[in-house]
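Enquirer: Supplied structure: protein-v3.cif, mmCIF, C-alpha atoms.
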```cif
data_upload
#
loop_
_atom_site.label_atom_id
_atom_site.label_comp_id
_atom_site.auth_asym_id
_atom_site.auth_seq_id
_atom_site.Cartn_x
_atom_site.Cartn_y
_atom_site.Cartn_z
CA ASN A 1 32.35 -8.35 -20.67
CA LYS A 2 33.21 -11.92 -21.64
CA LEU A 3 33.49 -11.46 -25.41
CA GLU A 4 36.82 -11.06 -27.15
CA HIS A 5 36.39 -10.66 -30.90
CA PRO A 6 37.80 -8.06 -33.31
CA ASN A 7 34.33 -7.26 -34.72
CA ILE A 8 32.69 -6.64 -31.34
CA ALA A 9 33.48 -3.50 -29.32
CA THR A 10 34.44 -4.06 -25.69
CA LEU A 11 32.07 -2.59 -23.09
CA PHE A 12 34.02 -1.51 -20.01
CA THR A 13 31.33 -0.04 -17.77
CA THR A 14 27.93 1.67 -17.72
CA PHE A 15 26.50 4.42 -15.55
CA GLN A 16 23.48 6.69 -15.56
CA ASP A 17 22.17 10.01 -14.38
CA ALA A 18 18.56 11.19 -14.12
CA ASN A 19 18.09 11.41 -17.90
CA CYS A 20 20.64 9.23 -19.71
CA ILE A 21 22.47 5.92 -19.66
CA TYR A 22 26.17 6.11 -20.59
CA TYR A 23 28.36 3.34 -22.00
CA GLN A 24 32.13 3.39 -21.68
CA MET A 25 33.42 1.38 -24.63
CA GLU A 26 36.72 0.84 -26.38
CA TYR A 27 37.79 3.47 -28.92
CA LEU A 28 37.34 2.36 -32.54
CA SER A 29 39.30 4.52 -34.95
CA GLY A 30 37.35 3.52 -38.08
CA GLY A 31 34.27 5.55 -37.21
CA GLU A 32 30.64 4.50 -37.41
CA VAL A 33 29.25 2.03 -39.94
CA TRP A 34 26.69 4.59 -41.12
CA ASP A 35 29.45 7.01 -42.13
CA LEU A 36 31.38 4.22 -43.88
CA ILE A 37 28.34 3.16 -45.92
CA HIS A 38 27.30 6.69 -46.94
CA GLU A 39 30.78 7.93 -47.83
CA GLY A 40 31.33 8.71 -51.50
CA GLU A 41 29.36 9.77 -54.55
CA TYR A 42 26.22 7.74 -53.89
CA ALA A 43 23.17 9.70 -52.71
CA VAL A 44 21.55 6.53 -51.36
CA GLY A 45 23.37 3.31 -50.55
CA CYS A 46 26.96 2.36 -51.20
CA PRO A 47 29.08 0.43 -53.69
CA LEU A 48 28.34 -3.29 -53.79
CA THR A 49 31.84 -4.26 -52.65
CA ARG A 50 31.61 -2.05 -49.55
CA GLY A 51 28.13 -3.36 -48.73
CA ARG A 52 29.38 -6.94 -49.01
CA TYR A 53 32.30 -6.15 -46.70
CA VAL A 54 30.09 -4.57 -44.04
CA MET A 55 27.62 -7.48 -44.20
CA TRP A 56 30.43 -10.04 -43.97
CA GLU A 57 31.83 -8.36 -40.87
CA ALA A 58 28.37 -8.29 -39.24
CA ILE A 59 27.72 -11.95 -40.08
CA ASN A 60 31.14 -12.89 -38.73
CA ALA A 61 30.35 -11.20 -35.41
CA LEU A 62 26.89 -12.80 -35.22
CA GLU A 63 28.35 -16.27 -35.87
CA TYR A 64 30.79 -15.71 -33.01
CA LEU A 65 27.94 -14.66 -30.68
CA HIS A 66 25.90 -17.69 -31.69
CA GLN A 67 28.74 -20.05 -30.73
#
```
Go ahead and render the structure in this file as structure tokens.
Expert:
Amino acid sequence: NKLEHPNIATLFTTFQDANCIYYQMEYLSGGEVWDLIHEGEYAVGCPLTRGRYVMWEAINALEYLHQ
């Protein structure tokens, strides 16, 4: 609830029923990382430039959390 960073989704609230835990988070229009990585002509993996971009974004978010 205290984080404000463009690479980290905002968690608004959580709730649960007898079987599941639900997370209410901000809407991210880009989709999931898995779909981004596996989009295209590659059967396994992704282009090197896209992999570098995804890793850079993840490292950027982790550096922010570490601070």
Enquirer: When you look at Ala61 in chain A with a cut-off of 12 Å (counting all atoms listed in the file), what residues show up, excluding the ones that are within fewer than 4 positions of it in the same chain? I need them as number ranges by chain.
Expert: A: 3-9, 54-57, 65-67
Enquirer: Any idea what's packed within 12 Å of Val33 in chain A, counting all atoms listed in the file, ignoring anything in its chain fewer than 4 positions away? Could you give it as a list in words?
Expert: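 After dropping sequence-adjacent residues, the list is Asn7, Leu28, Ser29, Ile37, His38, Glu39, Cys46, Arg50, Gly51, Tyr53, Val54, Met55, Glu57 and Ala58 of chain A.
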Enquirer: One decimal, in Å: what's the spacing between CA of Glu26 in chain A and CA of Thr14 in chain A?
Expert: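 One can read the CA of Glu26 in chain A to CA of Thr14 in chain A distance as 12.4 Å.
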Enquirer: Calculate how many Å separate CA of Leu36 in chain A from CA of Asn60 in chain A, rounding to one decimal.
Expert: 17.9 Å
Enquirer: What does the distance from CA of Glu32 in chain A to CA of Lys2 in chain A come to in Å, to one decimal?
Expert: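 Separating CA of Glu32 in chain A from CA of Lys2 in chain A is a distance of 22.9 Å.
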Enquirer: Please write as an mmCIF file with C-alpha atoms, keeping the file's coordinate frame the full residue list that the PyMOL selection byres ((chain A and resi 12) around 7) yields on this file.
Expert:
```cif
data_model
loop_
_atom_site.group_PDB
_atom_site.id
_atom_site.type_symbol
_atom_site.label_atom_id
_atom_site.label_comp_id
_atom_site.auth_asym_id
_atom_site.auth_seq_id
_atom_site.Cartn_x
_atom_site.Cartn_y
_atom_site.Cartn_z
ATOM 1 C CA THR A 10 34.440 -4.060 -25.690
ATOM 2 C CA LEU A 11 32.070 -2.590 -23.090
ATOM 3 C CA THR A 13 31.330 -0.040 -17.770
ATOM 4 C CA GLN A 24 32.130 3.390 -21.680
ATOM 5 C CA MET A 25 33.420 1.380 -24.630
#
```
Enquirer: Let me know the centre plus edge lengths, in Å and rounded to one decimal, of a box with edges along x, y and z that contains all listed atoms of range 50-56 of chain A and is padded by 3 Å on every side, as AutoDock Vina command-line options.
Expert:
```
--center_x 30.0 --center_y -6.0 --center_z -46.8 --size_x 10.7 --size_y 14.0 --size_z 11.6
```
